[in-house]
Structures are given as C-alpha cells and as structure tokens.
>>> print(open('work_37.cif').read())   # mmCIF, C-alpha atoms
data_final
loop_
_atom_site.group_PDB
_atom_site.id
_atom_site.type_symbol
_atom_site.label_atom_id
_atom_site.label_comp_id
_atom_site.auth_asym_id
_atom_site.auth_seq_id
_atom_site.Cartn_x
_atom_site.Cartn_y
_atom_site.Cartn_z
ATOM 1 C CA MET G 7 -2.518 -5.439 -38.349
ATOM 2 C CA MET G 8 1.225 -5.473 -37.729
ATOM 3 C CA ASN G 9 0.682 -4.103 -34.218
ATOM 4 C CA ARG G 10 -1.754 -6.921 -33.498
ATOM 5 C CA LEU G 11 0.725 -9.493 -34.773
ATOM 6 C CA PHE G 12 3.793 -8.201 -32.949
ATOM 7 C CA GLY G 13 2.227 -6.378 -29.993
ATOM 8 C CA LYS G 14 1.595 -9.399 -27.751
ATOM 9 C CA PRO G 15 5.105 -10.902 -27.887
ATOM 10 C CA LYS G 16 6.526 -7.473 -27.100
ATOM 11 C CA GLN G 17 4.188 -7.081 -24.132
ATOM 12 C CA GLU G 18 5.119 -10.538 -22.867
ATOM 13 C CA SER G 19 8.809 -9.690 -23.240
ATOM 14 C CA ASN G 20 8.302 -6.471 -21.283
ATOM 15 C CA ALA G 21 6.529 -8.370 -18.533
ATOM 16 C CA LEU G 22 9.382 -10.870 -18.250
ATOM 17 C CA GLN G 23 11.964 -8.082 -18.195
ATOM 18 C CA THR G 24 10.011 -6.310 -15.457
ATOM 19 C CA LEU G 25 9.872 -9.480 -13.363
ATOM 20 C CA ASP G 26 13.605 -9.966 -13.788
ATOM 21 C CA LYS G 27 14.243 -6.375 -12.734
ATOM 22 C CA LEU G 28 12.063 -6.768 -9.658
ATOM 23 C CA ASN G 29 13.886 -9.973 -8.711
ATOM 24 C CA GLU G 30 17.245 -8.239 -9.031
ATOM 25 C CA THR G 31 16.051 -5.333 -6.875
ATOM 26 C CA LEU G 32 14.700 -7.741 -4.285
ATOM 27 C CA GLU G 33 18.008 -9.567 -4.074
ATOM 28 C CA MET G 34 19.860 -6.236 -3.682
ATOM 29 C CA LEU G 35 17.579 -5.158 -0.825
ATOM 30 C CA GLU G 36 18.011 -8.499 0.933
ATOM 31 C CA LYS G 37 21.801 -8.146 0.749
ATOM 32 C CA LYS G 38 21.634 -4.616 2.171
ATOM 33 C CA GLU G 39 19.376 -5.838 4.942
ATOM 34 C CA LYS G 40 21.902 -8.518 5.929
ATOM 35 C CA VAL G 41 24.700 -5.927 5.975
ATOM 36 C CA LEU G 42 22.687 -3.559 8.154
ATOM 37 C CA LEU G 43 21.743 -6.313 10.567
ATOM 38 C CA LYS G 44 25.383 -7.278 10.857
ATOM 39 C CA LYS G 45 26.351 -3.652 11.571
ATOM 40 C CA ALA G 46 23.609 -3.351 14.187
ATOM 41 C CA GLY G 47 24.953 -6.473 15.900
ATOM 42 C CA GLN G 48 28.444 -5.041 15.878
ATOM 43 C CA GLU G 49 27.208 -1.837 17.520
ATOM 44 C CA VAL G 50 25.617 -3.910 20.267
ATOM 45 C CA GLU G 51 28.932 -5.669 20.915
ATOM 46 C CA LYS G 52 30.731 -2.311 21.010
ATOM 47 C CA ALA G 53 28.179 -0.959 23.463
ATOM 48 C CA LYS G 54 28.830 -3.956 25.735
ATOM 49 C CA GLU G 55 32.571 -3.322 25.595
ATOM 50 C CA TYR G 56 32.142 0.407 26.425
ATOM 51 C CA THR G 57 29.824 -0.538 29.259
ATOM 52 C CA ARG G 58 32.417 -2.862 30.730
ATOM 53 C CA ALA G 59 34.953 -0.029 30.343
ATOM 54 C CA LYS G 60 32.595 2.343 32.181
ATOM 55 C CA ASN G 61 32.373 4.558 29.066
ATOM 56 C CA LYS G 62 28.659 5.209 29.196
ATOM 57 C CA ARG G 63 28.605 7.986 26.597
ATOM 58 C CA ALA G 64 30.347 5.868 23.940
ATOM 59 C CA ALA G 65 27.988 2.964 24.700
ATOM 60 C CA ILE G 66 24.963 5.236 24.174
ATOM 61 C CA GLN G 67 26.363 6.388 20.815
ATOM 62 C CA CYS G 68 26.685 2.763 19.760
ATOM 63 C CA LEU G 69 23.072 2.096 20.680
ATOM 64 C CA LYS G 70 21.953 5.173 18.700
ATOM 65 C CA ARG G 71 23.757 3.891 15.601
ATOM 66 C CA LYS G 72 22.183 0.466 16.193
ATOM 67 C CA ARG G 73 18.716 2.026 16.150
ATOM 68 C CA LEU G 74 19.515 3.914 12.941
ATOM 69 C CA TYR G 75 20.530 0.640 11.327
ATOM 70 C CA GLU G 76 17.355 -0.996 12.595
ATOM 71 C CA GLN G 77 15.242 1.799 11.102
ATOM 72 C CA GLN G 78 16.949 1.275 7.756
ATOM 73 C CA VAL G 79 16.303 -2.469 8.048
ATOM 74 C CA GLU G 80 12.617 -1.792 8.689
ATOM 75 C CA GLN G 81 12.505 0.543 5.687
ATOM 76 C CA LEU G 82 14.152 -2.086 3.495
ATOM 77 C CA GLY G 83 11.597 -4.609 4.724
ATOM 78 C CA ASN G 84 8.774 -2.325 3.570
ATOM 79 C CA PHE G 85 10.466 -1.965 0.185
ATOM 80 C CA GLN G 86 10.715 -5.731 -0.137
ATOM 81 C CA LEU G 87 7.051 -6.110 0.762
ATOM 82 C CA ARG G 88 6.056 -3.651 -1.953
ATOM 83 C CA ILE G 89 8.209 -5.442 -4.509
ATOM 84 C CA HIS G 90 6.680 -8.790 -3.550
ATOM 85 C CA ASP G 91 3.223 -7.281 -3.935
ATOM 86 C CA GLN G 92 4.138 -5.863 -7.345
ATOM 87 C CA MET G 93 5.548 -9.200 -8.484
ATOM 88 C CA ILE G 94 2.426 -11.073 -7.387
ATOM 89 C CA MET G 95 0.181 -8.622 -9.235
ATOM 90 C CA LEU G 96 2.344 -8.771 -12.352
ATOM 91 C CA GLU G 97 2.466 -12.569 -12.362
ATOM 92 C CA GLY G 98 -1.316 -12.664 -11.899
ATOM 93 C CA ALA G 99 -1.825 -10.281 -14.806
ATOM 94 C CA LYS G 100 0.553 -12.354 -16.927
ATOM 95 C CA ALA G 101 -1.361 -15.546 -16.095
ATOM 96 C CA THR G 102 -4.652 -13.825 -16.942
ATOM 97 C CA THR G 103 -3.280 -12.637 -20.281
ATOM 98 C CA GLU G 104 -1.964 -16.095 -21.136
ATOM 99 C CA THR G 105 -5.323 -17.639 -20.214
ATOM 100 C CA VAL G 106 -7.224 -15.191 -22.414
ATOM 101 C CA ASP G 107 -4.792 -15.814 -25.280
ATOM 102 C CA ALA G 108 -5.247 -19.585 -24.910
ATOM 103 C CA LEU G 109 -9.036 -19.231 -24.904
ATOM 104 C CA ARG G 110 -8.865 -16.964 -27.934
ATOM 105 C CA SER G 111 -6.686 -19.501 -29.767
ATOM 106 C CA GLY G 112 -9.120 -22.274 -28.890
ATOM 107 C CA ALA G 113 -12.051 -20.240 -30.186
ATOM 108 C CA SER G 114 -10.200 -19.500 -33.429
ATOM 109 C CA ALA G 115 -9.358 -23.176 -33.894
ATOM 110 C CA MET G 116 -12.977 -24.162 -33.258
ATOM 111 C CA LYS G 117 -14.180 -21.555 -35.751
ATOM 112 C CA ALA G 118 -11.734 -22.819 -38.376
ATOM 113 C CA MET G 119 -12.890 -26.422 -37.869
ATOM 114 C CA GLN G 120 -16.510 -25.373 -38.179
ATOM 115 C CA LYS G 121 -15.715 -23.630 -41.457
ATOM 116 C CA ALA G 122 -13.984 -26.764 -42.721
ATOM 117 C CA THR G 123 -17.027 -28.865 -41.792
ATOM 118 C CA ASN G 124 -20.042 -27.782 -43.827
ATOM 119 C CA ILE G 125 -23.475 -28.793 -42.576
ATOM 120 C CA ASP G 126 -24.516 -29.685 -46.123
ATOM 121 C CA ASP G 127 -21.592 -32.087 -46.357
ATOM 122 C CA VAL G 128 -22.634 -33.679 -43.072
ATOM 123 C CA ASP G 129 -26.230 -34.136 -44.287
ATOM 124 C CA LYS G 130 -24.980 -35.587 -47.565
ATOM 125 C CA THR G 131 -22.731 -38.037 -45.755
ATOM 126 C CA MET G 132 -25.563 -39.152 -43.463
ATOM 127 C CA ASP G 133 -27.863 -39.651 -46.478
ATOM 128 C CA GLU G 134 -25.225 -41.816 -48.143
ATOM 129 C CA ILE G 135 -24.815 -43.900 -44.973
ATOM 130 C CA ASN G 136 -28.589 -44.390 -44.678
ATOM 131 C CA GLU G 137 -28.825 -45.337 -48.347
ATOM 132 C CA GLN G 138 -26.036 -47.897 -48.061
ATOM 133 C CA THR G 139 -27.649 -49.336 -44.919
ATOM 134 C CA GLU G 140 -30.993 -49.728 -46.673
ATOM 135 C CA ASN G 141 -29.324 -51.378 -49.669
ATOM 136 C CA MET G 142 -27.575 -53.844 -47.364
ATOM 137 C CA LYS G 143 -30.895 -54.727 -45.698
ATOM 138 C CA GLN G 144 -32.477 -55.411 -49.094
ATOM 139 C CA ILE G 145 -29.545 -57.598 -50.094
ATOM 140 C CA GLN G 146 -29.788 -59.601 -46.852
ATOM 141 C CA GLU G 147 -33.560 -60.066 -47.301
ATOM 142 C CA ALA G 148 -33.052 -61.235 -50.890
ATOM 143 C CA LEU G 149 -30.457 -63.767 -49.780
ATOM 144 C CA SER G 150 -32.711 -65.106 -47.006
ATOM 145 C CA ASN G 151 -35.681 -65.808 -49.338
ATOM 146 C CA PRO G 152 -36.013 -69.479 -50.458
ATOM 147 C CA ILE G 153 -35.131 -70.250 -54.043
ATOM 148 C CA GLY G 154 -35.756 -73.196 -56.419
ATOM 149 C CA ALA G 155 -38.215 -75.916 -55.431
ATOM 150 C CA ALA G 156 -38.379 -74.696 -51.824
ATOM 151 C CA ALA G 157 -39.846 -71.395 -53.007
ATOM 152 C CA ASP G 158 -42.985 -73.224 -54.325
ATOM 153 C CA PHE G 159 -43.914 -74.765 -50.968
ATOM 154 C CA ASP G 160 -46.972 -73.247 -49.259
ATOM 155 C CA GLU G 161 -46.116 -72.542 -45.635
ATOM 156 C CA ASP G 162 -49.780 -72.741 -44.536
ATOM 157 C CA GLU G 163 -50.101 -76.231 -45.977
ATOM 158 C CA LEU G 164 -46.936 -77.280 -44.183
ATOM 159 C CA LEU G 165 -48.333 -75.998 -40.884
ATOM 160 C CA GLU G 166 -51.594 -77.962 -41.405
ATOM 161 C CA GLU G 167 -49.625 -81.132 -42.127
ATOM 162 C CA LEU G 168 -47.610 -80.590 -38.969
ATOM 163 C CA GLU G 169 -50.798 -80.201 -36.903
ATOM 164 C CA GLU G 170 -52.177 -83.458 -38.354
ATOM 165 C CA LEU G 171 -49.011 -85.275 -37.387
ATOM 166 C CA GLU G 172 -49.192 -83.938 -33.867
ATOM 167 C CA GLY G 173 -52.876 -84.949 -33.578
ATOM 168 C CA ALA G 174 -52.164 -88.496 -34.790
ATOM 169 C CA GLU G 175 -49.317 -88.807 -32.323
ATOM 170 C CA LEU G 176 -51.547 -87.703 -29.440
ATOM 171 C CA GLU G 177 -54.348 -90.114 -30.473
ATOM 172 C CA GLU G 178 -51.921 -93.019 -30.632
ATOM 173 C CA GLN G 179 -50.704 -92.269 -27.117
ATOM 174 C CA LEU G 180 -54.274 -92.203 -25.771
ATOM 175 C CA LEU G 181 -55.168 -95.578 -27.338
ATOM 176 C CA GLN G 182 -52.223 -97.395 -25.781
ATOM 177 C CA PRO G 183 -53.289 -99.543 -22.680
ATOM 178 C CA THR G 184 -51.912 -98.453 -19.364
ATOM 179 C CA THR G 185 -50.201 -101.153 -17.298
ATOM 180 C CA THR G 186 -49.643 -100.875 -13.590
ATOM 181 C CA ALA G 187 -47.168 -102.965 -11.714
ATOM 182 C CA PRO G 188 -48.779 -105.313 -9.107
ATOM 183 C CA LEU G 189 -48.232 -104.464 -5.536
ATOM 184 C CA PRO G 190 -46.017 -106.961 -3.664
ATOM 185 C CA SER G 191 -47.892 -109.219 -1.252
ATOM 186 C CA GLY G 192 -46.477 -110.153 2.060
ATOM 187 C CA PRO G 193 -43.540 -108.668 3.876
ATOM 188 C CA VAL G 194 -40.762 -107.234 1.850
ATOM 189 C CA PRO G 195 -37.422 -108.941 2.372
ATOM 190 C CA ALA G 196 -35.031 -107.094 4.527
ATOM 191 C CA GLY G 197 -32.551 -106.797 1.712
ATOM 192 C CA ARG G 198 -35.201 -105.246 -0.553
ATOM 193 C CA GLN G 199 -36.692 -102.802 1.901
ATOM 194 C CA GLN G 200 -36.813 -99.259 0.559
ATOM 195 C CA ALA G 201 -34.001 -97.281 1.985
ATOM 196 C CA ARG G 202 -34.979 -94.219 3.917
ATOM 197 C CA PRO G 203 -33.604 -90.987 2.513
ATOM 198 C CA VAL G 204 -30.593 -89.819 4.432
ATOM 199 C CA PRO G 205 -31.110 -86.241 5.570
ATOM 200 C CA GLN G 206 -28.631 -83.996 3.881
ATOM 201 C CA LYS G 207 -26.532 -81.704 5.998
ATOM 202 C CA ARG G 208 -27.631 -78.107 5.644
ATOM 203 C CA THR G 209 -25.144 -75.470 4.695
ATOM 204 C CA ALA G 210 -24.299 -72.527 6.920
ATOM 205 C CA GLU G 211 -26.436 -70.252 4.759
ATOM 206 C CA GLU G 212 -29.459 -72.584 5.040
ATOM 207 C CA GLU G 213 -29.075 -72.805 8.825
ATOM 208 C CA GLU G 214 -28.850 -69.047 9.102
ATOM 209 C CA LEU G 215 -32.009 -68.707 6.957
ATOM 210 C CA ALA G 216 -33.870 -71.238 9.110
ATOM 211 C CA ALA G 217 -32.882 -69.392 12.294
ATOM 212 C CA LEU G 218 -34.060 -66.123 10.790
ATOM 213 C CA GLN G 219 -37.437 -67.649 9.818
ATOM 214 C CA ALA G 220 -37.885 -69.055 13.331
ATOM 215 C CA GLU G 221 -37.106 -65.668 14.832
ATOM 216 C CA MET G 222 -39.650 -63.987 12.559
ATOM 217 C CA ALA G 223 -42.309 -66.604 13.509
ATOM 218 C CA LEU G 224 -41.874 -65.578 17.170
#
>>> encode(input="work_37.cif", output="structure tokens")
Amino acid sequence: MMNRLFGKPKQESNALQTLDKLNETLEMLEKKEKVLLKKAGQEVEKAKEYTRAKNKRAAIQCLKRKRLYEQQVEQLGNFQLRIHDQMIMLEGAKATTETVDALRSGASAMKAMQKATNIDDVDKTMDEINEQTENMKQIQEALSNPIGAAADFDEDELLEELEELEGAELEEQLLQPTTTAPLPSGPVPAGRQQARPVPQKRTAEEEELAALQAEMAL
C-alpha cells in the first residue's frame, strides 16, 4: 500500500531528473560542437596561409586536422540526435502516464459520487416530487370549482337558455323589413359622380412577381 501511495511521485521525480540530465548533456555536446567547428575553421585558415607560403606539407597537415575535427562534429551530431530521440520518447511516456493517472482519478471520483448517490434515494425523491405535484393539482382543481350559490346552477339549463336567446335574436332579425335605397333618376351631378379608384402604385416586389408570372405564362 505504501509503495502504491509513494511510488508514482518518485517515478515522476525520476523522469524529471532524467529529462534535466539529458538537457544538460545536450547543451554540453552543442558547446563542444561549436568549439570543434571553430577549430576546423582555424585549420582552414592556417592551410591557406601555408599554401601562400608554398609550404604544401604543413597545409596538408592542417587539412587532416580539419577532417578529424569534422568527424568529431559528425559524431557529436549523432549523439545529439540520440539524446533528442530519448527525450521525445521520455516526454511521450510521461504524458501517457499523466493521462492514465488523470483518467484513473476521474474514474475514482465518478465511483465515489455513485456511492454517495443511492438509487433508492433517487426513487424516493422522485416519488416525493410526483406526490407533491399531484397534491398541487388537486388543490388547484378544488380552488377552481364554483362555491356558494354558483355551485347550485345547472350548466345544461344555462346552455339551453343561451340557445333560446340566440334563437329569439335570429327570429327578430328575420322579421324586420328590408329597405332598399331608391336608385337616383336622371344624370348624376358632376360634383356627385362616383370617383374612380386611383390605381395604386405597385411595389418592386409586386412588379417582380408580375414579371415572373408573365414569363411562366409564356
């Protein structure tokens, strides 16, 4: 149990220490590479000077040392590549471990919440809500029912009385004489002539619709 509690932080600490060590080594190799490149450049300059001085043998020795430095630079480059590869793999493994730990924590939290929430308690709560809702409906129905003298009225009788009133109203309208206004005889004065309706100007949408209808008729 103690190993499970304290094992993961120790592993994470080891991973961080390893990454720091790799970074330090990478920086050291980069510094050595710069030094070697500088020395190789110096050998080239020396070879040029010996060439101008007609000292061919010394110039060749300079070029040999330059190539040795270049080989060491290439070797350091391979070392750096391996360290980069190791760092990428280690960081990926660290990210995977952290992801798994986060998922495990989420699952534990979900399990704890499910334990805290009992299904029987949920059913009991829903039953109480349904019961209170039903009680509220009964209270609202009781309040909406007529009380006192209005409770003794028969609704069917009231509907019959309303139909009789409507029938009497319709009969009274039918018995009333209809009067029609006499048509005017003779020409209508110019001032009283019925004005012709002025055509309203159509909107752009109406004109577009009319053009579309005409096009479809063709």
>>> residues_around(input="work_37.cif", residues="range 61-73 of chain G", least_positions_apart="4", cutoff="12 Å", atoms="all atoms listed in the file", output="VMD selection string")
chain G and resid 42 to 57 77 to 80
>>> axis_aligned_box(input="work_37.cif", around="range 127-143 of chain G", padding_each_side="5 Å", output="AutoDock Vina command-line options")
--center_x -26.3 --center_y -43.4 --center_z -46.4 --size_x 19.4 --size_y 32.6 --size_z 16.6
>>> closest_residue(input="work_37.cif", among="G:Glu39, G:Asp126, G:Gly173, G:Lys143", to="Gln81 in chain G", atoms="all atoms listed in the file")
G:Glu39
>>> atom_distance(input="work_37.cif", atom1="CA of Glu161 in chain G", atom2="CA of Glu178 in chain G")
26.0 Å
>>> closest_residue(input="work_37.cif", among="G:Lys117, G:Lys40, G:Arg58, G:Arg110", to="Tyr75 in chain G", atoms="all atoms listed in the file")
G:Lys40
>>> atom_distance(input="work_37.cif", atom1="CA of His90 in chain G", atom2="CA of Glu30 in chain G")
11.9 Å
>>> atom_distance(input="work_37.cif", atom1="CA of Leu96 in chain G", atom2="CA of Lys37 in chain G")
23.5 Å
>>> closest_atom_pairs(input="work_37.cif", of="range 72-145 of chain G", to="range 18-28 of chain G", cutoff="12 Å", atoms="all atoms listed in the file", output="tab-separated table")
residue	atom	partner	partner_atom	distance
G:Phe85	CA	G:Leu28	CA	11.1
G:Gln86	CA	G:Leu28	CA	9.7
G:Leu87	CA	G:Leu28	CA	11.6
G:Arg88	CA	G:Leu28	CA	10.3
G:Ile89	CA	G:Leu28	CA	6.6
G:His90	CA	G:Leu28	CA	8.4
G:Asp91	CA	G:Leu28	CA	10.5
G:Gln92	CA	G:Leu28	CA	8.3
G:Met93	CA	G:Leu25	CA	6.5
G:Ile94	CA	G:Leu25	CA	9.7
G:Met95	CA	G:Leu25	CA	10.6
G:Leu96	CA	G:Ala21	CA	7.5
G:Glu97	CA	G:Leu25	CA	8.1
G:Gly98	CA	G:Ala21	CA	11.1
G:Ala99	CA	G:Ala21	CA	9.3
G:Lys100	CA	G:Ala21	CA	7.4
G:Ala101	CA	G:Glu18	CA	10.6
G:Thr102	CA	G:Glu18	CA	11.9
G:Thr103	CA	G:Glu18	CA	9.0
G:Glu104	CA	G:Glu18	CA	9.2
G:Asp107	CA	G:Glu18	CA	11.5
>>> closest_residue(input="work_37.cif", among="G:Leu82, G:Thr131, G:Leu74, G:Thr123", to="Met34 in chain G", atoms="only C-alpha atoms")
G:Leu82
